[in-house]
Every structure is written in structure tokens, then in C-alpha cells.
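Notes follow once the structure below has been shown.
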Amino acid sequence: MATYDFDMGILGGGAAGLTVAAGAAQAGAKVLLIEKEGRLGGDCLYYGCVPSKTLIRSAQVYHLIKNASRFGLPEVGFPNPDFQEVAKRIQSVIGTIQKHDSEERFCNLGVKVDYGNASFVDEHEISLNGNRYSAKYWVIATGSSAAIPPVEGLKATPYITNKEIFSLGKLPASMVIIGGGPIGIEFAQAFTRLGTKVTVVEFLSQILNADDGDMTDMVMNVLKGEGVEFYLDSAVKSTRTMGNEIEVLFQKGEEKKTVRAETLLVATGRKVNLEGLGLENIGVALDRRGLKLDEKLRTTQSHIFGAGDVTGVYQFTHAASYEGGIVLSNAIFHFPRKADYTYLPWVTYADPELASIGMNEKSAKAKGITYSVWTDEFANNDRSLAEGEKIGKIKMLLDEKEKPIGVQILGPQAGDLLSEWVAVMNGKVKLSTLASAVHPYPTLGEINKRVAGNLLATKIFSEKMKRALKFFFSLKGRACGEGTT
């Protein structure tokens with residue numbers, strides 16, 4: 001039997017890699033964790049989820065101050081924000097969270113941590129900094145980075161991505177964002193609220209293209225109301241530097257247009273980080289999205305797994321952590337487990353937030369599924385009105401058996417409100433149970449109860465039920481209004 005230096009080797013110290021490393025070490029495995037960047041935590045901690053949500057919160061607070069009169073308060077004169085102070089707060093939050101992902105913590109768990117660019121020399125062995133390490137199992141969790149489109153002149157034009165945006169020396173007076181996906185939309189609103197004039201150029205006919213258009217149109221209208229300018233169905237043709245500004249030329253229909261700004265942000269999606277790993281030499285196949293994996297997240301070399309953004313499926317931190325758990329189950333505990341993304345939730349952290357779980361109308365139609373739609377408006381929610389939030393709705397999709405197959409929420413704290421549906425759908429909780437459960441009043445969460453109750457109300461208060469109750473219990477019918485006797 002072959003012997004190896006480690007039971008488990010992991011390439012990548014982001015959410016997926018850290019999940020596997022911590023779990024495997026605590027289960028008694030000898031673990032090697034390799035990170036190329038020189039610090040653990042991954043893109044999410046330093047350039048993604050954590051700093052972006054910190055920025056969004058700062059922008060939201062500033063926006064509320066500027067709109068104090070909406071809440072019956074006097075208008076407040078307030079200076080323009082110093083972006084360096086905002087950036088300091090972002091780094092402070094990152095520093096606090098980074099302690100949980102420190103090398104010291106993982107060393108205490110028994111994990112050997114090393115840094116550098118690793119490359120496979122054979123199916124079980126990698127080369128790193130002139131040394132070689134072998135492992136019985138390997139996990140590729142090297143994440144993703146900003147995908148840069150092949151636009152004429154872009155290489156010669158100064159631009160930023162999510163990696164540079166949090167360390168800007170000052171707040172840009174103006175910004176063009178290429179891309180109307182979640183990253184582009186979150187940054188568009190945050191910087192607009194801080195005082196930047198923002199223009200979004202999107203190739204497709206709607207922003208946030210994975211979501212339903214009725215929901216994303218509401219998001220776009222909110223951003224338009226705050227000052228963001230949108231060009232949809234617009235293909236960027238070239239970019240160039242014009243003095244102190246960047247010029248972006250794009251084609252919209254038959255018309256060519258240009259827009260100029262101080263800063264250019266490229267937010268056109270992500271590409272997997274697989275170059276330089278030597279995968280082509282060891283029989284690990286790729287597909288158009290990333291690693292070619294089976295349902296147990298094994299590559300074409302069954303002892304090498306993939307987790308996190310390199311799967312090319314759902315590039316979210318919570319998906320990476322989930323996939324890390326799948327790998328642990330299969331490689332360390334030898335308990336066969338398949339990845340199931342049926343009820344994987346996701347959130348775009350605009351204000352209002354847009355949160356989804358399961359199918360939306362787009363995906364249901366694509367799969368030919370017959371469904372019905374049930375909605376309720378935040379304008380009908382007392383807590384939402386008390387907080388000055390009137391925009392948004394919840395949308396529940398039911399199959400032919402009236403079981404929920406998907407829920408989308410656009411509204412205040414939508415991501416948190418979706419958690420109830422995570423439990424309902426994964427736990428196969430009946431809608432009657434949700435509708436009859438007592439929710440505290442007044443809370444935003446009542447909207448979940450109401451949309452489930454809307455379905456039941458059509459049955460409980462149907463004309464057939466009224467006739468039956470009148471017949472058996474001699475009910476007298478209406479006491480006021482049309483039809484009274």
C-alpha cells in the first residue's frame with residue numbers, strides 16, 4: 001500500500017478549503033493547507049462578501065442621514081464622506097474576522113499551513129517552493145477572480161475590479177461600471193449613495209439576469225431614483241483614456257454611444273483559478289465552467305475533489321462551505337454524499353435586498369414545469385410601513401401539487417427573511433404549518449406567514465366552504481353591504 005506525507009492536501013485557503021481543513025484535522029487526519037496569497041481567508045474576506053457588505057452598510061447609513069426628513073426628522077447638513085475613513089472601517093472589520101481564519105488557529109487544530117504556488121507533479125504529489133508533498137486525497141479549492149472581457153483598448157486603460165475598489169485613495173466623482181450582475185449593482189448603489197455619479201453598461205436586456213425580470217426591474221427603478229444611469233442591451237466596444245477620464249464606447253441597437261467617468265469598474269463575472277496547477281498533466285478534466293466533477297464533487301481522478309468557485313456552479317461563500325462539507329463526508333468519513341443545490345439560497349445585497357431559494361419563474365419555464373404564483377406586498381406589512389419601506393414583494397412558486405418549489409423576496413432584510421424558507425423547504429414543512437404558526441407582530445417576517453396564508457384562504461373562505469358551514473351550522477351570512485337581507 002502506498003504511503004503519503006498527508007491524509008488530506010488542500011489547495012486554497014478560502015471558505016471551501018478552510019471548511020475541509022478544519023473538519024479533516026478535527027476528525028484526526030493529517031492535513032496540509034496551501035494558500036498562494038500568503039494569508040488565509042480567501043477572496044470573500046478581503047475583496048468580496050465582507051468588505052462589500054461593510055461598504056454597503058456605510059453607504060446605507062449615509063443615505064438615511066441625507067433622507068432624515070422621510071422619518072419626520074429635520075434635514076441634516078452633512079459633509080461629503082472621506083472614502084479613506086470608510087476604507088479604514090472596512091479593513092477593521094476584515095481584521096476582526098480574519099482572526100477566525102488565522103494560521104495560528106489552524107495550526108492549533110493540527111493543520112500544517114504553507115504558502116506559495118503549488119503544482120501537481122503526479123496524481124498524489126505537488127511541488128511547492130522547491131519541496132514536494134504527497135497526500136492520499138487532494139481538494140482543489142483555489143477560488144475565482146474577476147473575468148476581464150476582450151474589449152479593445154481595455155488593457156491600456158486604467159480600470160479596477162472588486163480587488164482594488166476597497167483601497168481607493170478617494171471617492172471617485174464619477175464611475176462607469178461594465179456589468180449589471182450582483183457585483184456591479186451592489187457597487188453602483190453604494191457609490192451613488194456616497195456621492196459618486198454612476199453609470200452601468202450591461203450587455204443583456206435586464207440587470208441581475210439570473211433573477212426574474214419583475215423583481216429586478218423594481219431594483220433598477222430604485223437605483224434610478226437614487227441617480228444611477230443604466231444602459232441595457234449595450235455591448236462595450238472599446239475603452240480609452242481621455243485626460244483625467246476614461247471613455248467607454250458601446251453599441252446600443254444601431255446607435256453608438258460614449259460615456260466618460262473618472263473611474264472604470266469592470267464587473268463582468270468571474271473566472272476560475274486553475275491555471276498553473278498542472279492539471280493537464282494528471283488527467284483532471286475541465287469543462288466550460290471549471291472542474292469537471294461528479295455529484296460527489298470528485299474530479300476525473302477520484303481521489304482529487306473540487307469545492308468552492310472552481311466548481312463553476314454557485315460561486316457563493318455559503319455554497320463553498322457546503323461543498324467543503326460534501327468533500328469531508330466522502331473523503332474523510334467515507335459516508336457517500338452527493339451535492340444537492342435544489343434549495344441553495346442566494347442574495348443580492350442591494351437596498352432593498354433581493355433573495356431567492358429554489359426555482360424562480362425563469363428556471364421553472366426553462367424546465368417546462370407547471371406552476372402557480374402567489375405574492376404579497378411589503379406595502380401591506382405594518383412593520384415595513386413603520387420603517388418607511390414600501391417597495392418590494394414576496395413571490396412564492398407552487399407546483400401542481402401546491403408544494404413550494406421556489407421563493408423570491410425583494411424587500412427590507414430579504415436575506416434574513418429567506419432563512420425561514422430555507423427551513424421550510426429543506427424540512428418539507430407544510431404551508432399550513434407555516435400559515436398557522438404564530439409570528440410576532442409587528443415584524444417583517446409576517447410576510448412569510450401571509451403569502452402561505454393567501455393560498456389557504458382561497459380554500460377556507462371559498463363559496464363551497466361558506467355553503468357547507470351555512471348548511472351544517474345555520475350561519476346567517478352577511479351582516480352588512482351587498483347581499484345582506
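Convention: chains lettered A, B, ... in C-alpha cells order; per-chain residue numbering from 1; ligands numbered from 1 as shown.
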
All strand (DSSP E or B) residues (DSSP, backbone) inside region 139-382 of chain A, as number ranges by chain: A: 139-140, 144-146, 152, 160, 174-178, 197-201, 229-231, 234-242, 245-252, 255-261, 263-266, 270-272, 286, 291, 298, 304-306, 346-348, 353-358, 372-377

Neighbour list for region 83-89 of chain A as a VMD selection string, cut-off 10 Å, only C-alpha atoms, skip fewer than 3 positions in-chain: chain A and resid 51 54 to 55 58 to 59 80 92 to 95 165 to 172 194

Selection from above, C-alpha atoms, as a PDB file, in the first residue's frame, can you write it?
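Saved result, selection_23.pdb, follows:
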ATOM      1  CA  PRO A  51     -15.742  44.350   2.564  1.00  0.00           C
ATOM      2  CA  THR A  54     -19.321  46.711   5.142  1.00  0.00           C
ATOM      3  CA  LEU A  55     -19.213  49.319   2.366  1.00  0.00           C
ATOM      4  CA  SER A  58     -21.717  52.662   5.461  1.00  0.00           C
ATOM      5  CA  ALA A  59     -23.440  53.893   2.304  1.00  0.00           C
ATOM      6  CA  ASN A  80     -19.174  64.566   1.786  1.00  0.00           C
ATOM      7  CA  SER A  92     -11.082  46.977  10.672  1.00  0.00           C
ATOM      8  CA  VAL A  93     -13.967  44.581  10.032  1.00  0.00           C
ATOM      9  CA  ILE A  94     -11.748  42.380   7.863  1.00  0.00           C
ATOM     10  CA  GLY A  95      -9.121  42.306  10.604  1.00  0.00           C
ATOM     11  CA  ILE A 165     -12.119  49.048  -5.192  1.00  0.00           C
ATOM     12  CA  PHE A 166     -11.872  48.928  -1.395  1.00  0.00           C
ATOM     13  CA  SER A 167      -8.470  50.596  -1.328  1.00  0.00           C
ATOM     14  CA  LEU A 168      -9.259  53.651  -3.459  1.00  0.00           C
ATOM     15  CA  GLY A 169      -7.453  56.750  -2.216  1.00  0.00           C
ATOM     16  CA  LYS A 170     -10.567  58.902  -2.564  1.00  0.00           C
ATOM     17  CA  LEU A 171     -14.206  58.762  -3.536  1.00  0.00           C
ATOM     18  CA  PRO A 172     -14.465  58.965  -7.335  1.00  0.00           C
ATOM     19  CA  LEU A 194     -21.796  58.074  -1.089  1.00  0.00           C
TER      20      LEU A 194
END

Nearest to Cys107 (chain A) by atom-to-atom distance, counting only C-alpha atoms, from A:Ala22, A:Ile391, A:Ile90, A:Val248: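 Looking only at the distances to Cys107 (chain A), the closest residue turns out to be A:Ala22.
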
Residues of region 40-230 of chain A in helix (DSSP H, G or I), written as a PyMOL selection string: chain A and resi 42-47+49-66+68-71+83-101+103-109+154-156+165-167+182-194+213-226

Near-region 359-365 of chain A list (6 Å; only C-alpha atoms; drop same-chain fewer than 4 positions) as a PyMOL selection string: chain A and resi 369+405-406

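Comparing A:Gln408, A:Gly17, A:Arg289, A:Ile332 by their smallest distance to Trp346 (chain A), the closest is A:Gln408 (using only C-alpha atoms).
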
Exercise: Leu293 (chain A) partners within 10 Å, only C-alpha atoms, chain neighbours under 2 positions left out, as a list in words: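 Contacts, with the query itself left out: Val284, Ala285, Leu286, Asp287, Gly290, Leu291, Glu295, Lys296, Leu297, Arg298, Thr299, Thr300, Gln301, Ser302, Ile304, Phe305, Gly306, Ala307 and Thr311 of chain A.
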
Please, could you write that set of residues out with N, CA and C atoms as a PDB file, in the first residue's frame?
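Writing the result to again.pdb gives the following:
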ATOM      1  N   VAL A 284      -6.857  15.440 -14.890  1.00  0.00           N
ATOM      2  CA  VAL A 284      -8.015  16.114 -14.291  1.00  0.00           C
ATOM      3  C   VAL A 284      -8.666  16.965 -15.369  1.00  0.00           C
ATOM      4  N   ALA A 285      -9.882  16.609 -15.741  1.00  0.00           N
ATOM      5  CA  ALA A 285     -10.564  17.255 -16.853  1.00  0.00           C
ATOM      6  C   ALA A 285     -11.306  18.514 -16.405  1.00  0.00           C
ATOM      7  N   LEU A 286     -11.451  19.438 -17.343  1.00  0.00           N
ATOM      8  CA  LEU A 286     -12.206  20.662 -17.117  1.00  0.00           C
ATOM      9  C   LEU A 286     -13.382  20.705 -18.083  1.00  0.00           C
ATOM     10  N   ASP A 287     -14.422  21.468 -17.727  1.00  0.00           N
ATOM     11  CA  ASP A 287     -15.481  21.780 -18.675  1.00  0.00           C
ATOM     12  C   ASP A 287     -15.538  23.292 -18.828  1.00  0.00           C
ATOM     13  N   GLY A 290     -15.570  25.058 -15.185  1.00  0.00           N
ATOM     14  CA  GLY A 290     -14.466  24.871 -14.261  1.00  0.00           C
ATOM     15  C   GLY A 290     -14.069  23.412 -14.214  1.00  0.00           C
ATOM     16  N   LEU A 291     -13.856  22.880 -13.029  1.00  0.00           N
ATOM     17  CA  LEU A 291     -13.529  21.462 -12.901  1.00  0.00           C
ATOM     18  C   LEU A 291     -14.708  20.588 -13.316  1.00  0.00           C
ATOM     19  N   GLU A 295     -21.289  14.025  -8.856  1.00  0.00           N
ATOM     20  CA  GLU A 295     -22.189  14.521  -7.809  1.00  0.00           C
ATOM     21  C   GLU A 295     -21.552  14.491  -6.424  1.00  0.00           C
ATOM     22  N   LYS A 296     -20.472  13.702  -6.279  1.00  0.00           N
ATOM     23  CA  LYS A 296     -19.756  13.657  -5.002  1.00  0.00           C
ATOM     24  C   LYS A 296     -18.601  14.651  -4.984  1.00  0.00           C
ATOM     25  N   LEU A 297     -18.539  15.492  -6.008  1.00  0.00           N
ATOM     26  CA  LEU A 297     -17.523  16.527  -6.170  1.00  0.00           C
ATOM     27  C   LEU A 297     -16.128  15.954  -6.416  1.00  0.00           C
ATOM     28  N   ARG A 298     -16.066  14.761  -6.999  1.00  0.00           N
ATOM     29  CA  ARG A 298     -14.797  14.163  -7.394  1.00  0.00           C
ATOM     30  C   ARG A 298     -14.466  14.572  -8.824  1.00  0.00           C
ATOM     31  N   THR A 299     -13.191  14.826  -9.074  1.00  0.00           N
ATOM     32  CA  THR A 299     -12.731  15.095 -10.434  1.00  0.00           C
ATOM     33  C   THR A 299     -12.598  13.773 -11.170  1.00  0.00           C
ATOM     34  N   THR A 300     -12.055  13.834 -12.372  1.00  0.00           N
ATOM     35  CA  THR A 300     -11.818  12.605 -13.135  1.00  0.00           C
ATOM     36  C   THR A 300     -10.701  11.764 -12.519  1.00  0.00           C
ATOM     37  N   GLN A 301      -9.999  12.297 -11.524  1.00  0.00           N
ATOM     38  CA  GLN A 301      -9.155  11.499 -10.623  1.00  0.00           C
ATOM     39  C   GLN A 301      -9.935  11.394  -9.316  1.00  0.00           C
ATOM     40  N   SER A 302     -10.444  10.225  -8.995  1.00  0.00           N
ATOM     41  CA  SER A 302     -11.446  10.090  -7.937  1.00  0.00           C
ATOM     42  C   SER A 302     -10.948  10.474  -6.547  1.00  0.00           C
ATOM     43  N   ILE A 304      -9.141  13.177  -6.069  1.00  0.00           N
ATOM     44  CA  ILE A 304      -8.994  14.635  -6.098  1.00  0.00           C
ATOM     45  C   ILE A 304     -10.380  15.260  -6.220  1.00  0.00           C
ATOM     46  N   PHE A 305     -10.709  16.117  -5.269  1.00  0.00           N
ATOM     47  CA  PHE A 305     -12.025  16.731  -5.209  1.00  0.00           C
ATOM     48  C   PHE A 305     -11.940  18.212  -5.591  1.00  0.00           C
ATOM     49  N   GLY A 306     -13.083  18.782  -5.904  1.00  0.00           N
ATOM     50  CA  GLY A 306     -13.177  20.212  -6.160  1.00  0.00           C
ATOM     51  C   GLY A 306     -14.260  20.816  -5.295  1.00  0.00           C
ATOM     52  N   ALA A 307     -14.029  22.031  -4.776  1.00  0.00           N
ATOM     53  CA  ALA A 307     -15.034  22.707  -3.951  1.00  0.00           C
ATOM     54  C   ALA A 307     -14.850  24.212  -4.054  1.00  0.00           C
ATOM     55  N   THR A 311     -15.885  24.977  -8.922  1.00  0.00           N
ATOM     56  CA  THR A 311     -16.930  24.114  -9.471  1.00  0.00           C
ATOM     57  C   THR A 311     -17.648  24.813 -10.614  1.00  0.00           C
TER      58      THR A 311
END
